[in-house]
2 protein chains.
Amino acid sequence: MKPVNIGILGLGTVGSGTARVLQDNAQEISRRLGRDIHIAAVCHRSEEKARQICPDAVFVQDPFALVARDDVDVVVELFGGTGVAKEAVIKAIEHGKHVVTANKKLLAEYGNEIFPLAEQKNVMVQFEAAVAGGIPIIKALREGLAANNIRSIAGIINGTSNFILTEMREKGSNFADVLQKAQELGYAEADPTFDIEGHDAGHKITIMSALAFGTPVSFESCYLEGISKLESRDIKYAEELGYRVKLLGITRKTDKGIELRVHPTLIPECRLLANVNGVMNAVRVDADMVGETLYYGAGAGALPTASAVVADIIDIGRLITAGTGNRVPHLAFQPSQVKAQPMLPMDDITSSYYLRVQAQDEPGVLGRIANLLAQEGVSIEALIQKGVIDGTLAEIVILTHSTIEKNVKTAMNAIQALKEVKSPIVMIRMESLNGQNG
Amino acid sequence: MKPVNIGILGLGTVGSGTARVLQDNAQEISRRLGRDIHIAAVCHRSEEKARQICPDAVFVQDPFALVARDDVDVVVELFGGTGVAKEAVIKAIEHGKHVVTANKKLLAEYGNEIFPLAEQKNVMVQFEAAVAGGIPIIKALREGLAANNIRSIAGIINGTSNFILTEMREKGSNFADVLQKAQELGYAEADPTFDIEGHDAGHKITIMSALAFGTPVSFESCYLEGISKLESRDIKYAEELGYRVKLLGITRKTDKGIELRVHPTLIPECRLLANVNGVMNAVRVDADMVGETLYYGAGAGALPTASAVVADIIDIGRLITAGTGNRVPHLAFQPSQVKAQPMLPMDDITSSYYLRVQAQDEPGVLGRIANLLAQEGVSIEALIQKGVIDGTLAEIVILTHSTIEKNVKTAMNAIQALKEVKSPIVMIRMESLNGQNG
């Protein structure tokens, strides 16, 4: 089947990330989509960079020429801003092209021009990447929660601000020092105004508000208050009272109208949103039938944002392919690509382990247990001896490092056979949920 | 435009919930879908109950007659189990009907029969409600994360077990006592085996594993270990070491094969999953481009599950309507239904407030401040006096109950005007994120 041909406008952070996702995951994407995605044309200010990143694409100097090309089915607008980006998106729609964009400013400020035009031309304008990066929150609001009256949305939707607030809380540092650190780490721009004064979060909550309540976008009604005036003492006092301070985008339907606002906000520390730290984003939606749902993940960065851009291209490709039949393959991958893979028996899985051993409280027992674990290559992360039972039995609790389950079981059998060990050993598996082995 | 006509098989908890969502939110659903959803026919063992819940539907005694009806476009299978439900789903597909089902057991055990048949007939089989109730996790896995190689999934996907583990930790109670409490509260069945021994979680992680890795469903390979043998002392020891114990469904792609398992698991207490308590569910997905994302919400219950069932019906309805044009309305609602609503000025929003006042440390100041708040109808939830600065200035920190912002601002102006108050008052808004006013 012929590929979905896309034209990319802009190869900055997100544009380069999109090219990389399409290249690195080409096979997995085709397995899901049933056809390839081909970068047919690309427009960037540096022709050299464009040819390096997209060697198989036609380089096009003029964005208005790119959006008119017959070999482009989908225009992927990653210029950002509301100048050329806006004109190019409008031209693309007028040429009957589907559009994918990560441009929150464009949609929050000019959505009321763009969407009616797209409607009139019967084309898709997909914008999952515009809000909360790689978190599929647009899909959740437009589709997953479509049976609900949505009541409110509250989101941590600016990673820079959340990083700064997290550091201010954890280290007690003041705003200016943490901002400088964020800039050194690349989490904040040289001119951070857009992030720290709430404009970026304002664009995002404006878009979500329209999706939730079926209203036009109205960024001009959004109250914006950033974090630059926050003092660390207030973060400390809030914590003493059981609260964390987060920059939230909030929108809520009330009997009198819609609230739409961005400002620093105290949240009870027991809430999940209060525990979203560093550059991570999370969006909490309250809806009448499903109640509270929450969506968490990376809100920025080249690859997470590109993950959303490419998901939108796949969405368009699947619809073009489906007609009115089955759009999304039942098992996510095209039927011909659903392939059995070896299923690991439990002996071969990798995990860490919690072991509790009841043994007679005699010298040398701990050493014998540790040796039996070591013989199977199982290393110990932590070992504590808990209280003695009946005056003679000690409880020994062990956390192991990550290992193969059969090694732990072999060691457990040997430990169980020790004459000092009196009851069945308790074993519970452990997951760090940290990074890519999570 | 003519409605989407559905036939419902089964009016138990989820079936009744589905009828209620369709009725209560009929207007909001039509605004999103562009047509109505009409319950054309219903099959239930009690005709009386069927006529009461779905007064406008044709009552059909025989499920095989219902799935053959010309006036049914979509069959909604909510019988559960793998007897009649399985045969009825197969017959529905053979009749060319789209199917929506909440039946995890059916799909985890017989998906390899059902999906190829659906593929052959080019019909949709939608099953968002089968995994994690109202959380749109199937949509995230099949669509939102489609650009990624998924590396692993770990989920709290059985609310009964999570409720029991939460109680065991918080109260130090033993398993049997908490199970009895859960049964009294209706969180556990009279025969709780299916939930507490991991079968239910096993069905759900089996389905997610297939979607993540592009494999057939293989429930027979899923390792199942429940929570009935867990002792509260192990939960306590784990906590001392910085861990929480959760029943996790885990699937992971490794070089040697796929891990697929359900068992009690220690998780570091700082992870979001470790803080998912009570009957709530959450699923963590680790994928190569987007990194870690997490989805949280109600995993069971009539209305949350019905929210997912109805979202699936809307999905089908939108595809039938769209052809190859724009499937999902850009702003979630049909363009004709996008309506401006009054946007509340900040003076009219409702919030709670944190106020910090620096005032001379003199008798009567606290009382004057409290009176000025009371005059505007602002009531105080907490008030603490923090340390004295320069020997003369006290810092007074106040948390208010929920109120209208203009009242707080009026009171703040009056407080600011007190001669004892020396610096600008700091005001930060506060959200409880609790329940439907969250």
# chains A, B, ... in the order shown; residues from 1 in each chain; ligands from 1
>>> calpha_fit_and_write(fixed="chain A", moving="chain B", output="short mmCIF file (atom, residue, chain, number, x, y, z; two decimals) with C-alpha atoms, in the first residue's frame")
data_model
loop_
_atom_site.label_atom_id
_atom_site.label_comp_id
_atom_site.auth_asym_id
_atom_site.auth_seq_id
_atom_site.Cartn_x
_atom_site.Cartn_y
_atom_site.Cartn_z
CA MET B 1 -0.01 -0.03 0.03
CA LYS B 2 1.33 3.42 -0.82
CA PRO B 3 2.87 5.36 2.08
CA VAL B 4 1.35 8.32 3.86
CA ASN B 5 3.34 11.21 2.44
CA ILE B 6 4.06 14.03 4.82
CA GLY B 7 5.67 17.44 4.45
CA ILE B 8 7.44 18.85 7.49
CA LEU B 9 7.64 22.59 8.15
CA GLY B 10 10.53 23.23 10.53
CA LEU B 11 13.33 21.01 11.82
CA GLY B 12 13.90 22.51 15.25
CA THR B 13 13.75 20.38 18.39
CA VAL B 14 10.37 18.80 17.68
CA GLY B 15 10.89 18.58 13.92
CA SER B 16 14.20 16.76 14.31
CA GLY B 17 12.61 14.53 16.95
CA THR B 18 9.79 13.68 14.58
CA ALA B 19 12.22 12.68 11.85
CA ARG B 20 14.08 10.50 14.34
CA VAL B 21 10.93 8.75 15.62
CA LEU B 22 9.82 8.07 12.04
CA GLN B 23 13.21 6.61 11.22
CA ASP B 24 14.00 4.65 14.40
CA ASN B 25 10.50 3.20 14.80
CA ALA B 26 9.63 2.85 11.10
CA GLN B 27 9.01 -0.86 11.44
CA GLU B 28 6.85 -0.68 14.58
CA ILE B 29 4.86 2.19 13.03
CA SER B 30 4.20 0.28 9.82
CA ARG B 31 3.12 -2.75 11.84
CA ARG B 32 0.48 -0.57 13.47
CA LEU B 33 -0.53 1.61 10.52
CA GLY B 34 -0.39 -0.91 7.69
CA ARG B 35 1.61 1.43 5.49
CA ASP B 36 4.80 3.45 5.77
CA ILE B 37 5.07 7.12 6.63
CA HIS B 38 7.34 8.86 4.14
CA ILE B 39 8.78 12.34 4.58
CA ALA B 40 8.17 13.56 1.03
CA ALA B 41 9.19 17.18 1.51
CA VAL B 42 10.80 19.34 4.14
CA CYS B 43 11.19 23.08 4.67
CA HIS B 44 13.81 24.55 6.98
CA ARG B 45 15.93 27.65 6.98
CA SER B 46 19.11 25.58 6.70
CA GLU B 47 19.10 23.43 3.57
CA GLU B 48 22.20 21.64 4.84
CA LYS B 49 20.50 20.59 8.07
CA ALA B 50 17.37 19.56 6.17
CA ARG B 51 19.34 17.33 3.80
CA GLN B 52 21.22 15.81 6.71
CA ILE B 53 18.14 15.00 8.80
CA CYS B 54 15.81 14.04 5.93
CA PRO B 55 18.08 12.75 3.15
CA ASP B 56 15.22 11.18 1.17
CA ALA B 57 12.95 14.23 1.22
CA VAL B 58 12.66 16.96 -1.36
CA PHE B 59 14.02 20.19 0.14
CA VAL B 60 11.60 23.07 -0.38
CA GLN B 61 12.67 26.62 0.38
CA ASP B 62 9.21 28.14 0.43
CA PRO B 63 6.67 26.83 2.97
CA PHE B 64 3.78 27.91 0.75
CA ALA B 65 5.19 25.80 -2.05
CA LEU B 66 5.48 22.80 0.29
CA VAL B 67 1.84 22.94 1.41
CA ALA B 68 0.70 23.05 -2.22
CA ARG B 69 2.63 19.95 -3.35
CA ASP B 70 0.66 17.05 -4.80
CA ASP B 71 3.01 14.53 -3.19
CA VAL B 72 2.15 15.76 0.33
CA ASP B 73 -0.95 14.28 2.02
CA VAL B 74 -0.32 15.65 5.50
CA VAL B 75 1.39 18.93 6.44
CA VAL B 76 3.25 18.75 9.77
CA GLU B 77 3.66 22.31 11.04
CA LEU B 78 6.51 22.57 13.53
CA PHE B 79 7.65 26.16 12.92
CA GLY B 80 5.89 27.42 16.03
CA GLY B 81 4.64 30.96 16.53
CA THR B 82 1.83 32.75 14.74
CA GLY B 83 3.53 34.34 11.76
CA VAL B 84 4.48 32.12 8.84
CA ALA B 85 3.13 29.11 10.75
CA LYS B 86 -0.37 30.55 10.75
CA GLU B 87 -0.35 31.46 7.06
CA ALA B 88 1.14 28.10 6.09
CA VAL B 89 -1.46 26.15 8.09
CA ILE B 90 -4.28 28.13 6.51
CA LYS B 91 -2.86 27.59 3.02
CA ALA B 92 -2.40 23.89 3.70
CA ILE B 93 -6.05 23.56 4.72
CA GLU B 94 -7.12 25.54 1.65
CA HIS B 95 -5.20 23.03 -0.44
CA GLY B 96 -7.20 20.25 1.25
CA LYS B 97 -4.27 18.88 3.23
CA HIS B 98 -4.64 17.34 6.65
CA VAL B 99 -2.55 19.19 9.22
CA VAL B 100 -0.64 18.02 12.30
CA THR B 101 0.74 20.74 14.55
CA ALA B 102 2.39 21.11 17.97
CA ASN B 103 1.64 24.84 17.99
CA LYS B 104 -0.33 25.68 21.16
CA LYS B 105 -0.02 29.42 20.67
CA LEU B 106 -1.44 29.23 17.16
CA LEU B 107 -4.46 27.18 18.22
CA ALA B 108 -5.16 29.02 21.48
CA GLU B 109 -5.04 32.40 19.74
CA TYR B 110 -6.31 31.63 16.22
CA GLY B 111 -8.20 28.36 16.61
CA ASN B 112 -11.48 30.14 15.88
CA GLU B 113 -10.16 30.95 12.40
CA ILE B 114 -8.42 27.65 11.73
CA PHE B 115 -10.97 25.07 12.87
CA PRO B 116 -13.98 26.40 10.93
CA LEU B 117 -11.86 26.53 7.78
CA ALA B 118 -10.74 22.94 8.36
CA GLU B 119 -14.35 21.94 8.91
CA GLN B 120 -15.35 23.55 5.64
CA LYS B 121 -12.58 21.72 3.79
CA ASN B 122 -13.31 18.45 5.68
CA VAL B 123 -9.69 17.98 6.71
CA MET B 124 -8.21 16.94 10.03
CA VAL B 125 -6.16 19.33 12.15
CA GLN B 126 -4.52 17.18 14.80
CA PHE B 127 -2.73 18.75 17.75
CA GLU B 128 -1.96 16.12 20.41
CA ALA B 129 1.56 17.52 20.76
CA ALA B 130 0.28 21.02 21.55
CA VAL B 131 -0.76 20.13 25.10
CA ALA B 132 1.34 18.21 27.63
CA GLY B 133 3.79 16.82 25.05
CA GLY B 134 3.67 13.05 24.87
CA ILE B 135 0.68 12.54 27.16
CA PRO B 136 -2.34 11.63 24.98
CA ILE B 137 -4.62 14.10 26.78
CA ILE B 138 -6.27 15.57 23.66
CA LYS B 139 -7.35 12.09 22.65
CA ALA B 140 -8.68 11.45 26.15
CA LEU B 141 -10.69 14.68 26.13
CA ARG B 142 -12.04 14.41 22.58
CA GLU B 143 -12.61 10.65 22.52
CA GLY B 144 -11.93 8.69 25.70
CA LEU B 145 -14.18 10.83 27.91
CA ALA B 146 -16.74 11.69 25.21
CA ALA B 147 -19.63 10.16 27.20
CA ASN B 148 -19.17 12.61 30.07
CA ASN B 149 -20.11 16.09 31.08
CA ILE B 150 -16.66 17.32 31.97
CA ARG B 151 -16.74 19.40 35.14
CA SER B 152 -13.20 20.65 35.57
CA ILE B 153 -9.58 20.24 34.48
CA ALA B 154 -6.51 21.05 36.56
CA GLY B 155 -3.07 20.50 35.11
CA ILE B 156 0.63 20.86 35.74
CA ILE B 157 1.34 21.72 32.12
CA ASN B 158 4.58 23.68 32.18
CA GLY B 159 7.63 21.60 32.96
CA THR B 160 9.97 24.56 33.47
CA SER B 161 7.80 26.02 36.21
CA ASN B 162 7.30 22.64 37.84
CA PHE B 163 11.03 22.00 37.88
CA ILE B 164 11.62 25.38 39.55
CA LEU B 165 8.89 24.83 42.15
CA THR B 166 10.18 21.33 42.90
CA GLU B 167 13.70 22.64 43.46
CA MET B 168 12.47 25.55 45.59
CA ARG B 169 10.62 23.10 47.84
CA GLU B 170 13.25 20.38 48.04
CA LYS B 171 16.26 22.65 48.51
CA GLY B 172 14.62 25.72 50.07
CA SER B 173 16.30 27.79 47.34
CA ASN B 174 14.91 31.09 46.13
CA PHE B 175 13.35 31.62 42.72
CA ALA B 176 16.24 33.48 41.05
CA ASP B 177 18.84 30.83 41.96
CA VAL B 178 16.70 27.94 40.77
CA LEU B 179 15.85 29.73 37.53
CA GLN B 180 19.54 30.10 36.82
CA LYS B 181 20.09 26.39 37.50
CA ALA B 182 17.16 25.52 35.23
CA GLN B 183 18.73 27.63 32.47
CA GLU B 184 22.07 25.89 32.91
CA LEU B 185 20.35 22.49 32.68
CA GLY B 186 18.47 23.54 29.54
CA TYR B 187 15.09 23.32 31.28
CA ALA B 188 14.49 27.06 30.90
CA GLU B 189 15.02 29.38 27.93
CA ALA B 190 17.40 32.34 28.03
CA ASP B 191 14.22 34.45 28.09
CA PRO B 192 12.04 32.35 30.39
CA THR B 193 9.06 34.75 30.50
CA PHE B 194 6.78 32.62 28.36
CA ASP B 195 7.14 29.66 30.72
CA ILE B 196 7.42 31.23 34.16
CA GLU B 197 4.74 33.89 33.72
CA GLY B 198 2.08 31.36 32.74
CA HIS B 199 1.63 32.13 29.02
CA ASP B 200 2.55 28.64 27.89
CA ALA B 201 0.28 27.01 30.47
CA GLY B 202 -2.42 29.52 29.51
CA HIS B 203 -2.34 28.44 25.88
CA LYS B 204 -2.63 24.80 26.90
CA ILE B 205 -5.48 25.19 29.40
CA THR B 206 -7.30 27.40 26.88
CA ILE B 207 -7.25 24.58 24.34
CA MET B 208 -8.34 21.98 26.89
CA SER B 209 -11.14 24.24 28.14
CA ALA B 210 -12.63 24.52 24.65
CA LEU B 211 -12.44 20.73 24.17
CA ALA B 212 -14.00 20.05 27.55
CA PHE B 213 -16.93 22.41 27.34
CA GLY B 214 -17.62 22.80 23.63
CA THR B 215 -16.75 26.49 23.44
CA PRO B 216 -14.58 28.49 21.06
CA VAL B 217 -10.99 29.00 22.23
CA SER B 218 -10.74 32.19 24.28
CA PHE B 219 -7.18 32.81 25.37
CA GLU B 220 -8.02 36.48 25.86
CA SER B 221 -10.21 35.46 28.83
CA CYS B 222 -7.49 33.42 30.51
CA TYR B 223 -6.13 34.83 33.77
CA LEU B 224 -2.33 34.49 33.86
CA GLU B 225 -0.22 34.64 36.99
CA GLY B 226 3.25 33.08 36.99
CA ILE B 227 5.68 31.91 39.63
CA SER B 228 8.33 34.64 39.50
CA LYS B 229 7.03 36.39 42.61
CA LEU B 230 6.76 33.27 44.74
CA GLU B 231 8.88 33.30 47.88
CA SER B 232 10.38 30.11 49.23
CA ARG B 233 9.04 30.88 52.72
CA ASP B 234 5.49 30.55 51.39
CA ILE B 235 6.34 27.18 49.90
CA LYS B 236 7.71 26.21 53.31
CA TYR B 237 4.69 27.48 55.26
CA ALA B 238 2.36 25.72 52.83
CA GLU B 239 4.26 22.50 53.41
CA GLU B 240 3.95 22.87 57.18
CA LEU B 241 0.21 23.09 56.66
CA GLY B 242 0.18 19.93 54.51
CA TYR B 243 0.19 21.52 51.04
CA ARG B 244 2.43 21.76 48.00
CA VAL B 245 2.54 24.78 45.68
CA LYS B 246 2.14 24.03 41.95
CA LEU B 247 1.57 26.21 38.90
CA LEU B 248 -1.81 24.94 37.74
CA GLY B 249 -3.86 25.60 34.66
CA ILE B 250 -7.47 25.37 35.81
CA THR B 251 -10.75 25.44 33.93
CA ARG B 252 -14.13 24.68 35.45
CA LYS B 253 -17.76 24.87 34.37
CA THR B 254 -19.96 26.65 36.90
CA ASP B 255 -23.59 27.74 36.77
CA LYS B 256 -22.45 31.29 36.13
CA GLY B 257 -19.83 30.64 33.50
CA ILE B 258 -16.46 29.11 32.83
CA GLU B 259 -13.39 29.64 34.97
CA LEU B 260 -10.13 29.77 33.00
CA ARG B 261 -6.96 30.59 34.88
CA VAL B 262 -3.28 29.89 35.50
CA HIS B 263 -1.69 30.67 38.85
CA PRO B 264 0.40 29.17 41.67
CA THR B 265 -1.89 26.94 43.70
CA LEU B 266 -1.73 25.12 47.03
CA ILE B 267 -2.71 21.43 46.73
CA PRO B 268 -3.08 18.94 49.61
CA GLU B 269 0.09 16.86 49.65
CA CYS B 270 -1.82 13.57 49.49
CA ARG B 271 -3.12 14.28 45.96
CA LEU B 272 -1.32 12.68 43.03
CA LEU B 273 -0.90 16.10 41.36
CA ALA B 274 0.99 17.31 44.44
CA ASN B 275 3.51 14.52 43.86
CA VAL B 276 4.25 15.30 40.22
CA ASN B 277 7.79 16.62 40.40
CA GLY B 278 10.58 17.99 38.24
CA VAL B 279 9.83 18.64 34.58
CA MET B 280 6.96 16.12 34.46
CA ASN B 281 3.39 17.12 33.54
CA ALA B 282 0.04 15.78 34.69
CA VAL B 283 -3.55 16.64 33.92
CA ARG B 284 -6.47 15.81 36.20
CA VAL B 285 -9.95 15.72 34.68
CA ASP B 286 -13.13 15.58 36.72
CA ALA B 287 -16.15 14.34 34.76
CA ASP B 288 -19.65 13.35 35.81
CA MET B 289 -19.72 9.67 34.90
CA VAL B 290 -16.13 8.51 35.20
CA GLY B 291 -15.20 10.77 38.13
CA GLU B 292 -11.56 11.74 38.50
CA THR B 293 -8.99 10.56 35.95
CA LEU B 294 -5.36 11.65 35.72
CA TYR B 295 -2.80 11.54 32.90
CA TYR B 296 0.92 11.82 33.64
CA GLY B 297 4.07 11.95 31.54
CA ALA B 298 6.74 14.06 29.88
CA GLY B 299 5.24 17.39 28.81
CA ALA B 300 8.12 18.53 26.63
CA GLY B 301 11.31 17.39 24.96
CA ALA B 302 12.08 16.36 21.40
CA LEU B 303 11.09 12.68 21.53
CA PRO B 304 8.04 12.81 23.83
CA THR B 305 6.57 15.64 21.77
CA ALA B 306 7.43 13.82 18.54
CA SER B 307 5.67 10.73 19.94
CA ALA B 308 2.46 12.78 19.92
CA VAL B 309 3.11 14.29 16.48
CA VAL B 310 3.64 10.85 14.96
CA ALA B 311 0.58 9.41 16.76
CA ASP B 312 -1.45 12.13 15.02
CA ILE B 313 0.00 11.19 11.64
CA ILE B 314 -0.83 7.53 12.32
CA ASP B 315 -4.40 8.56 13.25
CA ILE B 316 -4.80 10.32 9.92
CA GLY B 317 -3.22 7.44 8.04
CA ARG B 318 -5.52 4.90 9.67
CA LEU B 319 -8.59 6.93 8.81
CA ILE B 320 -7.54 7.38 5.20
CA THR B 321 -7.02 3.62 5.01
CA ALA B 322 -10.15 2.54 6.86
CA GLY B 323 -13.00 4.18 5.03
CA THR B 324 -15.94 3.23 7.20
CA GLY B 325 -14.58 -0.16 8.15
CA ASN B 326 -12.34 -0.92 11.07
CA ARG B 327 -10.10 2.07 11.65
CA VAL B 328 -7.85 1.00 14.50
CA PRO B 329 -6.59 -2.60 14.33
CA HIS B 330 -8.24 -4.58 17.13
CA LEU B 331 -4.96 -5.58 18.71
CA ALA B 332 -3.27 -2.25 17.88
CA PHE B 333 -1.09 -3.85 15.17
CA GLN B 334 -2.23 -4.81 11.68
CA PRO B 335 -3.56 -8.39 11.72
CA SER B 336 -0.77 -9.67 9.47
CA GLN B 337 1.70 -8.18 11.93
CA VAL B 338 0.33 -9.81 15.06
CA LYS B 339 3.06 -12.31 15.83
CA ALA B 340 3.47 -14.75 18.65
CA GLN B 341 6.61 -14.19 20.66
CA PRO B 342 8.20 -16.44 23.25
CA MET B 343 6.49 -16.00 26.60
CA LEU B 344 9.01 -16.23 29.41
CA PRO B 345 8.39 -18.80 32.15
CA MET B 346 8.57 -17.29 35.62
CA ASP B 347 11.98 -18.90 36.22
CA ASP B 348 13.42 -16.66 33.55
CA ILE B 349 11.94 -13.31 34.54
CA THR B 350 14.11 -10.56 36.00
CA SER B 351 13.06 -8.90 39.23
CA SER B 352 14.28 -7.85 42.65
CA TYR B 353 13.02 -9.75 45.68
CA TYR B 354 11.91 -9.26 49.26
CA LEU B 355 12.63 -12.35 51.35
CA ARG B 356 11.62 -12.93 54.96
CA VAL B 357 13.31 -15.82 56.77
CA GLN B 358 12.52 -17.01 60.28
CA ALA B 359 15.62 -18.62 61.70
CA GLN B 360 17.04 -19.53 65.09
CA ASP B 361 18.87 -16.54 66.51
CA GLU B 362 22.32 -18.15 66.49
CA PRO B 363 25.72 -16.88 65.41
CA GLY B 364 26.55 -17.57 61.77
CA VAL B 365 23.01 -17.88 60.46
CA LEU B 366 23.09 -14.53 58.69
CA GLY B 367 26.39 -15.40 57.07
CA ARG B 368 25.15 -18.79 55.87
CA ILE B 369 22.07 -17.20 54.30
CA ALA B 370 24.14 -14.50 52.60
CA ASN B 371 26.55 -17.13 51.27
CA LEU B 372 23.75 -19.24 49.81
CA LEU B 373 22.41 -16.18 48.01
CA ALA B 374 25.89 -15.27 46.76
CA GLN B 375 26.42 -18.79 45.43
CA GLU B 376 23.51 -18.21 43.06
CA GLY B 377 24.76 -14.78 42.08
CA VAL B 378 22.04 -13.00 44.06
CA SER B 379 23.37 -9.81 45.63
CA ILE B 380 21.82 -8.12 48.62
CA GLU B 381 20.62 -4.52 48.53
CA ALA B 382 19.47 -4.37 52.15
CA LEU B 383 19.24 -6.78 55.05
CA ILE B 384 17.57 -6.07 58.37
CA GLN B 385 17.03 -8.29 61.35
CA LYS B 386 13.60 -7.78 62.87
CA GLY B 387 12.49 -8.65 66.40
CA VAL B 388 12.98 -12.04 67.94
CA ILE B 389 9.91 -14.28 68.31
CA ASP B 390 9.52 -16.61 71.32
CA GLY B 391 13.00 -15.65 72.46
CA THR B 392 14.70 -17.92 69.93
CA LEU B 393 13.58 -17.08 66.37
CA ALA B 394 14.87 -14.03 64.54
CA GLU B 395 13.15 -12.59 61.46
CA ILE B 396 15.56 -11.65 58.74
CA VAL B 397 14.30 -9.41 55.94
CA ILE B 398 16.37 -9.19 52.76
CA LEU B 399 16.01 -7.02 49.65
CA THR B 400 17.96 -8.35 46.69
CA HIS B 401 19.28 -6.56 43.65
CA SER B 402 17.74 -7.43 40.30
CA THR B 403 18.30 -11.04 39.29
CA ILE B 404 16.83 -14.03 37.46
CA GLU B 405 14.00 -15.69 39.38
CA LYS B 406 15.38 -19.22 39.16
CA ASN B 407 18.54 -18.12 40.96
CA VAL B 408 16.49 -16.76 43.82
CA LYS B 409 14.40 -19.92 43.96
CA THR B 410 17.48 -22.12 44.04
CA ALA B 411 18.96 -20.03 46.84
CA MET B 412 15.62 -20.07 48.70
CA ASN B 413 15.52 -23.86 48.55
CA ALA B 414 19.02 -24.05 49.97
CA ILE B 415 18.20 -21.55 52.72
CA GLN B 416 14.99 -23.38 53.52
CA ALA B 417 17.02 -26.54 54.02
CA LEU B 418 19.23 -24.97 56.71
CA LYS B 419 18.52 -26.58 60.05
CA GLU B 420 18.16 -23.14 61.69
CA VAL B 421 15.34 -22.10 59.36
CA LYS B 422 12.02 -23.03 60.89
CA SER B 423 9.15 -21.71 58.70
CA PRO B 424 8.52 -21.32 55.00
CA ILE B 425 10.40 -18.37 53.55
CA VAL B 426 8.17 -15.49 52.40
CA MET B 427 9.06 -14.12 48.96
CA ILE B 428 7.52 -10.99 47.37
CA ARG B 429 8.77 -9.54 44.11
CA MET B 430 9.88 -5.92 43.87
CA GLU B 431 9.87 -3.40 40.98
CA SER B 432 11.74 -0.11 41.05
CA LEU B 433 9.54 1.38 38.28
CA ASN B 434 12.50 3.54 37.53
CA GLY B 435 13.53 4.34 33.99
CA GLN B 436 13.45 1.95 31.11
CA ASN B 437 13.61 -1.26 33.06
CA GLY B 438 10.50 -0.18 34.95
#
>>> select_by_dssp(residues="region 73-125 of chain A", states="alpha helix (DSSP H)", output="NGL selection string")
:A and (84-94 or 104-121)
>>> select_by_dssp(residues="region 337-409 of chain B", states="strand (DSSP E)", output="PyMOL selection string")
chain B and resi 350-360+380-389+393-400+403-404
